[in-house]
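Participant: One file is attached below, data-v4.pdb, containing PDB, N, CA, C and O atoms.
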ATOM      1  N   MET A   6      81.124 105.921 108.593
ATOM      2  CA  MET A   6      82.483 105.576 108.952
ATOM      3  C   MET A   6      82.746 104.097 108.670
ATOM      4  O   MET A   6      81.846 103.276 108.723
ATOM      5  N   LEU A   7      83.988 103.805 108.407
ATOM      6  CA  LEU A   7      84.374 102.429 108.146
ATOM      7  C   LEU A   7      84.295 101.596 109.424
ATOM      8  O   LEU A   7      83.818 100.484 109.413
ATOM      9  N   PHE A   8      84.738 102.152 110.525
ATOM     10  CA  PHE A   8      84.624 101.542 111.841
ATOM     11  C   PHE A   8      83.902 102.533 112.724
ATOM     12  O   PHE A   8      84.018 103.738 112.532
ATOM     13  N   SER A   9      83.175 102.040 113.712
ATOM     14  CA  SER A   9      82.525 102.977 114.611
ATOM     15  C   SER A   9      83.562 103.560 115.561
ATOM     16  O   SER A   9      84.549 102.924 115.893
ATOM     17  N   GLY A  10      83.343 104.784 115.986
ATOM     18  CA  GLY A  10      84.273 105.468 116.877
ATOM     19  C   GLY A  10      84.763 106.748 116.239
ATOM     20  O   GLY A  10      84.853 106.861 115.026
ATOM     21  N   ASN A  11      85.046 107.725 117.065
ATOM     22  CA  ASN A  11      85.460 109.036 116.571
ATOM     23  C   ASN A  11      86.910 109.097 116.142
ATOM     24  O   ASN A  11      87.319 110.035 115.479
ATOM     25  N   ASP A  12      87.710 108.109 116.513
ATOM     26  CA  ASP A  12      89.141 108.166 116.234
ATOM     27  C   ASP A  12      89.534 107.455 114.940
ATOM     28  O   ASP A  12      90.706 107.328 114.646
ATOM     29  N   ILE A  13      88.560 107.000 114.144
ATOM     30  CA  ILE A  13      88.842 106.345 112.869
ATOM     31  C   ILE A  13      88.426 107.296 111.748
ATOM     32  O   ILE A  13      87.246 107.486 111.497
ATOM     33  N   PRO A  14      89.384 107.915 111.078
ATOM     34  CA  PRO A  14      89.047 108.941 110.083
ATOM     35  C   PRO A  14      88.674 108.405 108.703
ATOM     36  O   PRO A  14      88.260 109.170 107.850
ATOM     37  N   LEU A  15      88.808 107.100 108.465
ATOM     38  CA  LEU A  15      88.500 106.563 107.148
ATOM     39  C   LEU A  15      87.003 106.439 106.937
ATOM     40  O   LEU A  15      86.262 106.106 107.858
ATOM     41  N   LYS A  16      86.584 106.706 105.706
ATOM     42  CA  LYS A  16      85.176 106.603 105.351
ATOM     43  C   LYS A  16      85.015 105.671 104.165
ATOM     44  O   LYS A  16      85.952 105.469 103.381
ATOM     45  N   LEU A  17      83.822 105.113 104.050
ATOM     46  CA  LEU A  17      83.501 104.278 102.915
ATOM     47  C   LEU A  17      83.725 105.082 101.647
ATOM     48  O   LEU A  17      83.422 106.277 101.604
ATOM     49  N   ASP A  18      84.280 104.479 100.633
ATOM     50  CA  ASP A  18      84.619 105.101  99.348
ATOM     51  C   ASP A  18      85.939 105.871  99.365
ATOM     52  O   ASP A  18      86.321 106.418  98.335
ATOM     53  N   ASP A  19      86.653 105.947 100.494
ATOM     54  CA  ASP A  19      87.995 106.516 100.471
ATOM     55  C   ASP A  19      88.884 105.605  99.633
ATOM     56  O   ASP A  19      88.782 104.378  99.708
ATOM     57  N   GLU A  20      89.749 106.196  98.847
ATOM     58  CA  GLU A  20      90.733 105.441  98.069
ATOM     59  C   GLU A  20      92.066 105.557  98.792
ATOM     60  O   GLU A  20      92.621 106.649  98.902
ATOM     61  N   ILE A  21      92.580 104.457  99.319
ATOM     62  CA  ILE A  21      93.846 104.481 100.046
ATOM     63  C   ILE A  21      94.976 104.552  99.028
ATOM     64  O   ILE A  21      95.131 103.663  98.200
ATOM     65  N   LEU A  22      95.742 105.630  99.089
ATOM     66  CA  LEU A  22      96.834 105.858  98.146
ATOM     67  C   LEU A  22      98.154 105.303  98.646
ATOM     68  O   LEU A  22      98.955 104.785  97.867
ATOM     69  N   SER A  23      98.404 105.444  99.957
ATOM     70  CA  SER A  23      99.661 104.935 100.512
ATOM     71  C   SER A  23      99.515 104.679 102.001
ATOM     72  O   SER A  23      98.642 105.250 102.661
ATOM     73  N   MET A  24     100.387 103.805 102.502
ATOM     74  CA  MET A  24     100.496 103.534 103.929
ATOM     75  C   MET A  24     101.967 103.640 104.288
ATOM     76  O   MET A  24     102.804 102.971 103.672
ATOM     77  N   ASN A  25     102.270 104.492 105.253
ATOM     78  CA  ASN A  25     103.662 104.717 105.688
ATOM     79  C   ASN A  25     104.580 104.975 104.496
ATOM     80  O   ASN A  25     105.651 104.388 104.369
ATOM     81  N   ASN A  26     104.143 105.853 103.622
ATOM     82  CA  ASN A  26     104.886 106.289 102.427
ATOM     83  C   ASN A  26     105.145 105.184 101.414
ATOM     84  O   ASN A  26     106.008 105.329 100.555
ATOM     85  N   VAL A  27     104.421 104.072 101.500
ATOM     86  CA  VAL A  27     104.497 103.010 100.497
ATOM     87  C   VAL A  27     103.249 103.131  99.632
ATOM     88  O   VAL A  27     102.125 102.974 100.111
ATOM     89  N   SER A  28     103.456 103.442  98.362
ATOM     90  CA  SER A  28     102.346 103.654  97.449
ATOM     91  C   SER A  28     101.569 102.361  97.219
ATOM     92  O   SER A  28     102.149 101.297  97.015
ATOM     93  N   LEU A  29     100.255 102.466  97.258
ATOM     94  CA  LEU A  29      99.382 101.334  96.962
ATOM     95  C   LEU A  29      98.677 101.530  95.624
ATOM     96  O   LEU A  29      97.802 100.761  95.257
ATOM     97  N   GLU A  30      99.090 102.562  94.900
ATOM     98  CA  GLU A  30      98.508 102.839  93.595
ATOM     99  C   GLU A  30      99.162 101.961  92.533
ATOM    100  O   GLU A  30     100.352 101.665  92.595
ATOM    101  N   ASN A  31      98.386 101.559  91.574
ATOM    102  CA  ASN A  31      98.875 100.811  90.416
ATOM    103  C   ASN A  31      99.643  99.550  90.795
ATOM    104  O   ASN A  31     100.694  99.249  90.224
ATOM    105  N   LEU A  32      99.144  98.814  91.775
ATOM    106  CA  LEU A  32      99.815  97.584  92.185
ATOM    107  C   LEU A  32      99.628  96.499  91.133
ATOM    108  O   LEU A  32      98.538  96.308  90.612
ATOM    109  N   ASN A  33     100.698  95.791  90.843
ATOM    110  CA  ASN A  33     100.590  94.619  89.985
ATOM    111  C   ASN A  33     100.723  93.384  90.878
ATOM    112  O   ASN A  33     100.917  93.487  92.087
ATOM    113  N   GLN A  34     100.636  92.210  90.296
ATOM    114  CA  GLN A  34     100.662  90.974  91.074
ATOM    115  C   GLN A  34     101.951  90.835  91.880
ATOM    116  O   GLN A  34     101.933  90.449  93.044
ATOM    117  N   GLU A  35     103.078  91.193  91.301
ATOM    118  CA  GLU A  35     104.357  91.102  92.010
ATOM    119  C   GLU A  35     104.397  92.059  93.204
ATOM    120  O   GLU A  35     104.852  91.697  94.292
ATOM    121  N   SER A  36     103.895  93.279  93.014
ATOM    122  CA  SER A  36     103.893  94.262  94.100
ATOM    123  C   SER A  36     102.993  93.822  95.244
ATOM    124  O   SER A  36     103.326  94.020  96.413
ATOM    125  N   VAL A  37     101.844  93.238  94.917
ATOM    126  CA  VAL A  37     100.932  92.760  95.951
ATOM    127  C   VAL A  37     101.596  91.650  96.760
ATOM    128  O   VAL A  37     101.548  91.655  97.994
ATOM    129  N   CYS A  38     102.247  90.722  96.091
ATOM    130  CA  CYS A  38     102.948  89.630  96.784
ATOM    131  C   CYS A  38     104.048  90.180  97.687
ATOM    132  O   CYS A  38     104.195  89.751  98.832
ATOM    133  N   LYS A  39     104.811  91.144  97.192
ATOM    134  CA  LYS A  39     105.881  91.744  97.983
ATOM    135  C   LYS A  39     105.314  92.436  99.213
ATOM    136  O   LYS A  39     105.844  92.302 100.318
ATOM    137  N   TYR A  40     104.210  93.158  99.027
ATOM    138  CA  TYR A  40     103.570  93.828 100.163
ATOM    139  C   TYR A  40     103.114  92.804 101.193
ATOM    140  O   TYR A  40     103.362  92.955 102.390
ATOM    141  N   LEU A  41     102.436  91.754 100.748
ATOM    142  CA  LEU A  41     101.922  90.749 101.679
ATOM    143  C   LEU A  41     103.039  90.025 102.417
ATOM    144  O   LEU A  41     102.885  89.670 103.590
ATOM    145  N   GLU A  42     104.172  89.815 101.773
ATOM    146  CA  GLU A  42     105.311  89.165 102.426
ATOM    147  C   GLU A  42     105.950  90.073 103.474
ATOM    148  O   GLU A  42     106.375  89.609 104.528
ATOM    149  N   ASN A  43     106.029  91.368 103.187
ATOM    150  CA  ASN A  43     106.769  92.295 104.054
ATOM    151  C   ASN A  43     105.891  93.112 104.990
ATOM    152  O   ASN A  43     106.409  93.776 105.868
ATOM    153  N   ARG A  44     104.604  93.108 104.811
ATOM    154  CA  ARG A  44     103.627  93.824 105.642
ATOM    155  C   ARG A  44     104.222  95.079 106.295
ATOM    156  O   ARG A  44     104.766  95.041 107.393
ATOM    157  N   ILE A  45     104.081  96.185 105.623
ATOM    158  CA  ILE A  45     104.696  97.426 106.088
ATOM    159  C   ILE A  45     104.197  97.866 107.460
ATOM    160  O   ILE A  45     104.886  98.597 108.155
ATOM    161  N   GLU A  46     103.024  97.406 107.867
ATOM    162  CA  GLU A  46     102.481  97.827 109.160
ATOM    163  C   GLU A  46     102.904  96.906 110.305
ATOM    164  O   GLU A  46     102.675  97.222 111.468
ATOM    165  N   LYS A  47     103.552  95.802 109.985
ATOM    166  CA  LYS A  47     103.942  94.831 111.000
ATOM    167  C   LYS A  47     104.889  95.461 112.015
ATOM    168  O   LYS A  47     105.870  96.095 111.663
ATOM    169  N   GLY A  48     104.578  95.294 113.283
ATOM    170  CA  GLY A  48     105.441  95.786 114.341
ATOM    171  C   GLY A  48     105.317  97.271 114.642
ATOM    172  O   GLY A  48     106.051  97.798 115.464
ATOM    173  N   LEU A  49     104.398  97.952 113.982
ATOM    174  CA  LEU A  49     104.205  99.387 114.219
ATOM    175  C   LEU A  49     102.962  99.621 115.064
ATOM    176  O   LEU A  49     102.014  98.850 115.017
ATOM    177  N   ASN A  50     102.962 100.701 115.824
ATOM    178  CA  ASN A  50     101.804 101.047 116.645
ATOM    179  C   ASN A  50     100.843 101.999 115.954
ATOM    180  O   ASN A  50      99.734 102.202 116.423
ATOM    181  N   SER A  51     101.294 102.601 114.850
ATOM    182  CA  SER A  51     100.416 103.507 114.110
ATOM    183  C   SER A  51     100.761 103.450 112.629
ATOM    184  O   SER A  51     101.840 102.994 112.248
ATOM    185  N   LEU A  52      99.828 103.908 111.826
ATOM    186  CA  LEU A  52     100.000 103.943 110.377
ATOM    187  C   LEU A  52      99.750 105.353 109.878
ATOM    188  O   LEU A  52      98.786 105.992 110.280
ATOM    189  N   ASP A  53     100.629 105.818 108.996
ATOM    190  CA  ASP A  53     100.376 107.071 108.284
ATOM    191  C   ASP A  53      99.707 106.689 106.971
ATOM    192  O   ASP A  53     100.276 105.931 106.179
ATOM    193  N   ILE A  54      98.498 107.175 106.779
ATOM    194  CA  ILE A  54      97.702 106.787 105.621
ATOM    195  C   ILE A  54      97.346 108.024 104.813
ATOM    196  O   ILE A  54      96.930 109.044 105.365
ATOM    197  N   LYS A  55      97.513 107.915 103.498
ATOM    198  CA  LYS A  55      97.112 108.973 102.570
ATOM    199  C   LYS A  55      95.930 108.440 101.779
ATOM    200  O   LYS A  55      96.001 107.344 101.219
ATOM    201  N   VAL A  56      94.816 109.194 101.786
ATOM    202  CA  VAL A  56      93.618 108.763 101.073
ATOM    203  C   VAL A  56      93.150 109.866 100.121
ATOM    204  O   VAL A  56      93.478 111.041 100.302
ATOM    205  N   LYS A  57      92.407 109.434  99.129
ATOM    206  CA  LYS A  57      91.751 110.366  98.224
ATOM    207  C   LYS A  57      90.262 110.290  98.504
ATOM    208  O   LYS A  57      89.673 109.211  98.487
ATOM    209  N   ARG A  58      89.664 111.441  98.836
ATOM    210  CA  ARG A  58      88.251 111.519  99.169
ATOM    211  C   ARG A  58      87.645 112.712  98.432
ATOM    212  O   ARG A  58      88.065 113.839  98.629
ATOM    213  N   GLU A  59      86.683 112.413  97.581
ATOM    214  CA  GLU A  59      85.980 113.458  96.835
ATOM    215  C   GLU A  59      86.957 114.389  96.119
ATOM    216  O   GLU A  59      86.812 115.610  96.134
ATOM    217  N   GLY A  60      88.001 113.809  95.530
ATOM    218  CA  GLY A  60      88.971 114.571  94.754
ATOM    219  C   GLY A  60      90.066 115.241  95.560
ATOM    220  O   GLY A  60      90.970 115.843  94.994
ATOM    221  N   LYS A  61      90.009 115.149  96.879
ATOM    222  CA  LYS A  61      91.026 115.758  97.737
ATOM    223  C   LYS A  61      91.907 114.671  98.333
ATOM    224  O   LYS A  61      91.440 113.597  98.683
ATOM    225  N   VAL A  62      93.206 114.961  98.474
ATOM    226  CA  VAL A  62      94.142 114.042  99.113
ATOM    227  C   VAL A  62      94.272 114.454 100.578
ATOM    228  O   VAL A  62      94.567 115.607 100.889
ATOM    229  N   LEU A  63      94.037 113.492 101.474
ATOM    230  CA  LEU A  63      94.067 113.744 102.913
ATOM    231  C   LEU A  63      95.072 112.810 103.572
ATOM    232  O   LEU A  63      95.230 111.659 103.149
ATOM    233  N   ASP A  64      95.739 113.283 104.615
ATOM    234  CA  ASP A  64      96.701 112.485 105.373
ATOM    235  C   ASP A  64      96.178 112.263 106.784
ATOM    236  O   ASP A  64      95.677 113.194 107.424
ATOM    237  N   PHE A  65      96.298 111.012 107.257
ATOM    238  CA  PHE A  65      95.862 110.651 108.598
ATOM    239  C   PHE A  65      96.923 109.779 109.252
ATOM    240  O   PHE A  65      97.644 109.049 108.576
ATOM    241  N   THR A  66      96.970 109.821 110.572
ATOM    242  CA  THR A  66      97.743 108.860 111.354
ATOM    243  C   THR A  66      96.729 108.077 112.179
ATOM    244  O   THR A  66      95.920 108.664 112.896
ATOM    245  N   ILE A  67      96.774 106.759 112.046
ATOM    246  CA  ILE A  67      95.813 105.901 112.741
ATOM    247  C   ILE A  67      96.586 104.991 113.681
ATOM    248  O   ILE A  67      97.524 104.304 113.274
ATOM    249  N   SER A  68      96.182 104.980 114.945
ATOM    250  CA  SER A  68      96.792 104.082 115.926
ATOM    251  C   SER A  68      96.185 102.708 115.775
ATOM    252  O   SER A  68      94.972 102.567 115.578
ATOM    253  N   LYS A  69      97.035 101.680 115.836
ATOM    254  CA  LYS A  69      96.541 100.317 115.734
ATOM    255  C   LYS A  69      95.870  99.913 117.029
ATOM    256  O   LYS A  69      96.305 100.261 118.124
ATOM    257  N   LYS A  70      94.763  99.180 116.891
ATOM    258  CA  LYS A  70      94.019  98.672 118.031
ATOM    259  C   LYS A  70      93.575  97.258 117.711
ATOM    260  O   LYS A  70      93.483  96.871 116.553
ATOM    261  N   GLU A  71      93.277  96.511 118.755
ATOM    262  CA  GLU A  71      92.694  95.196 118.561
ATOM    263  C   GLU A  71      91.202  95.313 118.804
ATOM    264  O   GLU A  71      90.752  95.923 119.770
ATOM    265  N   TYR A  72      90.440  94.752 117.888
ATOM    266  CA  TYR A  72      88.995  94.748 118.011
ATOM    267  C   TYR A  72      88.531  93.324 118.266
ATOM    268  O   TYR A  72      89.023  92.388 117.655
ATOM    269  N   LEU A  73      87.600  93.184 119.164
ATOM    270  CA  LEU A  73      87.081  91.853 119.481
ATOM    271  C   LEU A  73      85.980  91.491 118.543
ATOM    272  O   LEU A  73      85.244  92.217 118.057
TER     273      LEU A  73
END
Show me this structure written as structure tokens.
Facilitator:
Amino acid sequence: MLFSGNDIPLKLDDEILSMNNVSLENLNQESVCKYLENRIEKGLNSLDIKVKREGKVLDFTISKKEYL
């Protein structure tokens, strides 16, 4: 697992395709800058994440937490 705990569904080698319906595929320099300026996850309590794992596309909702 990427983080320890049963509530984190992401695994090492997962390819994150989108977060909250914002595609992260084929990002160019301008798109990366726009994403970093607008941070789609800012102010949200959870993220809808689409990942590609072993050729399959999977959808997860992850609640934001603070880790010490």
Participant: Could you tell me how far CA of Leu52 in chain A sits from CA of Asn25 in chain A, in Å to one decimal place?
Facilitator: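 We find that CA of Asn25 in chain A and CA of Leu52 in chain A lie 6.0 Å from each other.
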Participant: Excluding Ser68 in chain A and any residue of its chain fewer than 2 positions from it, enumerate the residues within 8 Å of it, using only N, CA, C and O atoms, and give them as a short mmCIF file (atom, residue, chain, number, x, y, z; two decimals) with N, CA, C and O atoms, keeping the file's coordinate frame.
Facilitator:
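Output saved as around_23.cif:
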data_model
loop_
_atom_site.label_atom_id
_atom_site.label_comp_id
_atom_site.auth_asym_id
_atom_site.auth_seq_id
_atom_site.Cartn_x
_atom_site.Cartn_y
_atom_site.Cartn_z
N ASP A 12 87.71 108.11 116.51
CA ASP A 12 89.14 108.17 116.23
C ASP A 12 89.53 107.46 114.94
O ASP A 12 90.71 107.33 114.65
N ILE A 13 88.56 107.00 114.14
CA ILE A 13 88.84 106.34 112.87
C ILE A 13 88.43 107.30 111.75
O ILE A 13 87.25 107.49 111.50
N LEU A 49 104.40 97.95 113.98
CA LEU A 49 104.20 99.39 114.22
C LEU A 49 102.96 99.62 115.06
O LEU A 49 102.01 98.85 115.02
N ASN A 50 102.96 100.70 115.82
CA ASN A 50 101.80 101.05 116.64
C ASN A 50 100.84 102.00 115.95
O ASN A 50 99.73 102.20 116.42
N SER A 51 101.29 102.60 114.85
CA SER A 51 100.42 103.51 114.11
C SER A 51 100.76 103.45 112.63
O SER A 51 101.84 102.99 112.25
N LEU A 52 99.83 103.91 111.83
CA LEU A 52 100.00 103.94 110.38
C LEU A 52 99.75 105.35 109.88
O LEU A 52 98.79 105.99 110.28
N ASP A 53 100.63 105.82 109.00
CA ASP A 53 100.38 107.07 108.28
C ASP A 53 99.71 106.69 106.97
O ASP A 53 100.28 105.93 106.18
N PHE A 65 96.30 111.01 107.26
CA PHE A 65 95.86 110.65 108.60
C PHE A 65 96.92 109.78 109.25
O PHE A 65 97.64 109.05 108.58
N THR A 66 96.97 109.82 110.57
CA THR A 66 97.74 108.86 111.35
C THR A 66 96.73 108.08 112.18
O THR A 66 95.92 108.66 112.90
N LYS A 70 94.76 99.18 116.89
CA LYS A 70 94.02 98.67 118.03
C LYS A 70 93.58 97.26 117.71
O LYS A 70 93.48 96.87 116.55
N GLU A 71 93.28 96.51 118.76
CA GLU A 71 92.69 95.20 118.56
C GLU A 71 91.20 95.31 118.80
O GLU A 71 90.75 95.92 119.77
#
Participant: Give me the residues within 10 Å of Val62 in chain A as a ChimeraX atom specification, counting only C-alpha atoms and dropping any in the same chain fewer than 3 places off.
Facilitator: /A:19-22,55-59
Participant: Can you list, as a ChimeraX atom specification, every residue of range 13-71 of chain A that DSSP puts in strand (DSSP E)?
Facilitator: /A:20-24,27-28,51-58,61-68
Participant: Write a file of the selected residues as a compact mmCIF listing (two decimals), in the coordinates of the input, keeping N, CA, C and O atoms.
Facilitator:
# COMPACT_ATOMS: atom_id res chain seq x y z
N GLU A 20 89.75 106.20 98.85
CA GLU A 20 90.73 105.44 98.07
C GLU A 20 92.07 105.56 98.79
O GLU A 20 92.62 106.65 98.90
N ILE A 21 92.58 104.46 99.32
CA ILE A 21 93.85 104.48 100.05
C ILE A 21 94.98 104.55 99.03
O ILE A 21 95.13 103.66 98.20
N LEU A 22 95.74 105.63 99.09
CA LEU A 22 96.83 105.86 98.15
C LEU A 22 98.15 105.30 98.65
O LEU A 22 98.96 104.78 97.87
N SER A 23 98.40 105.44 99.96
CA SER A 23 99.66 104.94 100.51
C SER A 23 99.52 104.68 102.00
O SER A 23 98.64 105.25 102.66
N MET A 24 100.39 103.80 102.50
CA MET A 24 100.50 103.53 103.93
C MET A 24 101.97 103.64 104.29
O MET A 24 102.80 102.97 103.67
N VAL A 27 104.42 104.07 101.50
CA VAL A 27 104.50 103.01 100.50
C VAL A 27 103.25 103.13 99.63
O VAL A 27 102.12 102.97 100.11
N SER A 28 103.46 103.44 98.36
CA SER A 28 102.35 103.65 97.45
C SER A 28 101.57 102.36 97.22
O SER A 28 102.15 101.30 97.02
N SER A 51 101.29 102.60 114.85
CA SER A 51 100.42 103.51 114.11
C SER A 51 100.76 103.45 112.63
O SER A 51 101.84 102.99 112.25
N LEU A 52 99.83 103.91 111.83
CA LEU A 52 100.00 103.94 110.38
C LEU A 52 99.75 105.35 109.88
O LEU A 52 98.79 105.99 110.28
N ASP A 53 100.63 105.82 109.00
CA ASP A 53 100.38 107.07 108.28
C ASP A 53 99.71 106.69 106.97
O ASP A 53 100.28 105.93 106.18
N ILE A 54 98.50 107.18 106.78
CA ILE A 54 97.70 106.79 105.62
C ILE A 54 97.35 108.02 104.81
O ILE A 54 96.93 109.04 105.36
N LYS A 55 97.51 107.92 103.50
CA LYS A 55 97.11 108.97 102.57
C LYS A 55 95.93 108.44 101.78
O LYS A 55 96.00 107.34 101.22
N VAL A 56 94.82 109.19 101.79
CA VAL A 56 93.62 108.76 101.07
C VAL A 56 93.15 109.87 100.12
O VAL A 56 93.48 111.04 100.30
N LYS A 57 92.41 109.43 99.13
CA LYS A 57 91.75 110.37 98.22
C LYS A 57 90.26 110.29 98.50
O LYS A 57 89.67 109.21 98.49
N ARG A 58 89.66 111.44 98.84
CA ARG A 58 88.25 111.52 99.17
C ARG A 58 87.64 112.71 98.43
O ARG A 58 88.06 113.84 98.63
N LYS A 61 90.01 115.15 96.88
CA LYS A 61 91.03 115.76 97.74
C LYS A 61 91.91 114.67 98.33
O LYS A 61 91.44 113.60 98.68
N VAL A 62 93.21 114.96 98.47
CA VAL A 62 94.14 114.04 99.11
C VAL A 62 94.27 114.45 100.58
O VAL A 62 94.57 115.61 100.89
N LEU A 63 94.04 113.49 101.47
CA LEU A 63 94.07 113.74 102.91
C LEU A 63 95.07 112.81 103.57
O LEU A 63 95.23 111.66 103.15
N ASP A 64 95.74 113.28 104.62
CA ASP A 64 96.70 112.48 105.37
C ASP A 64 96.18 112.26 106.78
O ASP A 64 95.68 113.19 107.42
N PHE A 65 96.30 111.01 107.26
CA PHE A 65 95.86 110.65 108.60
C PHE A 65 96.92 109.78 109.25
O PHE A 65 97.64 109.05 108.58
N THR A 66 96.97 109.82 110.57
CA THR A 66 97.74 108.86 111.35
C THR A 66 96.73 108.08 112.18
O THR A 66 95.92 108.66 112.90
N ILE A 67 96.77 106.76 112.05
CA ILE A 67 95.81 105.90 112.74
C ILE A 67 96.59 104.99 113.68
O ILE A 67 97.52 104.30 113.27
N SER A 68 96.18 104.98 114.94
CA SER A 68 96.79 104.08 115.93
C SER A 68 96.18 102.71 115.78
O SER A 68 94.97 102.57 115.58
Participant: Quick check, in Å to one decimal: how far apart do atom N of Lys39 in chain A and atom O of Ile67 in chain A lie?
Facilitator: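 So the two atoms, atom N of Lys39 in chain A and atom O of Ile67 in chain A, lie 22.0 Å apart.
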Participant: Can you check which residues of chain A DSSP gives as helix (DSSP H, G or I) on the backbone and send them as JSON, numbers by chain?
Facilitator: {"A": [34, 35, 36, 37, 38, 39, 40, 41, 42, 43]}
Participant: With 6 Å added on each side, what axis-aligned box encloses every listed atom of range 47-54 of chain A? Give the centre and edge lengths in Å to one decimal, as lines of an AutoDock Vina configuration file.
Facilitator:
center_x = 101.5
center_y = 101.9
center_z = 110.7
size_x = 21.1
size_y = 26.2
size_z = 23.8
Participant: In Å, rounded to a single decimal, give me how far CA of Asn31 in chain A is from CA of Lys47 in chain A.
Facilitator: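 Going from CA of Lys47 in chain A over to CA of Asn31 in chain A covers 22.0 Å.
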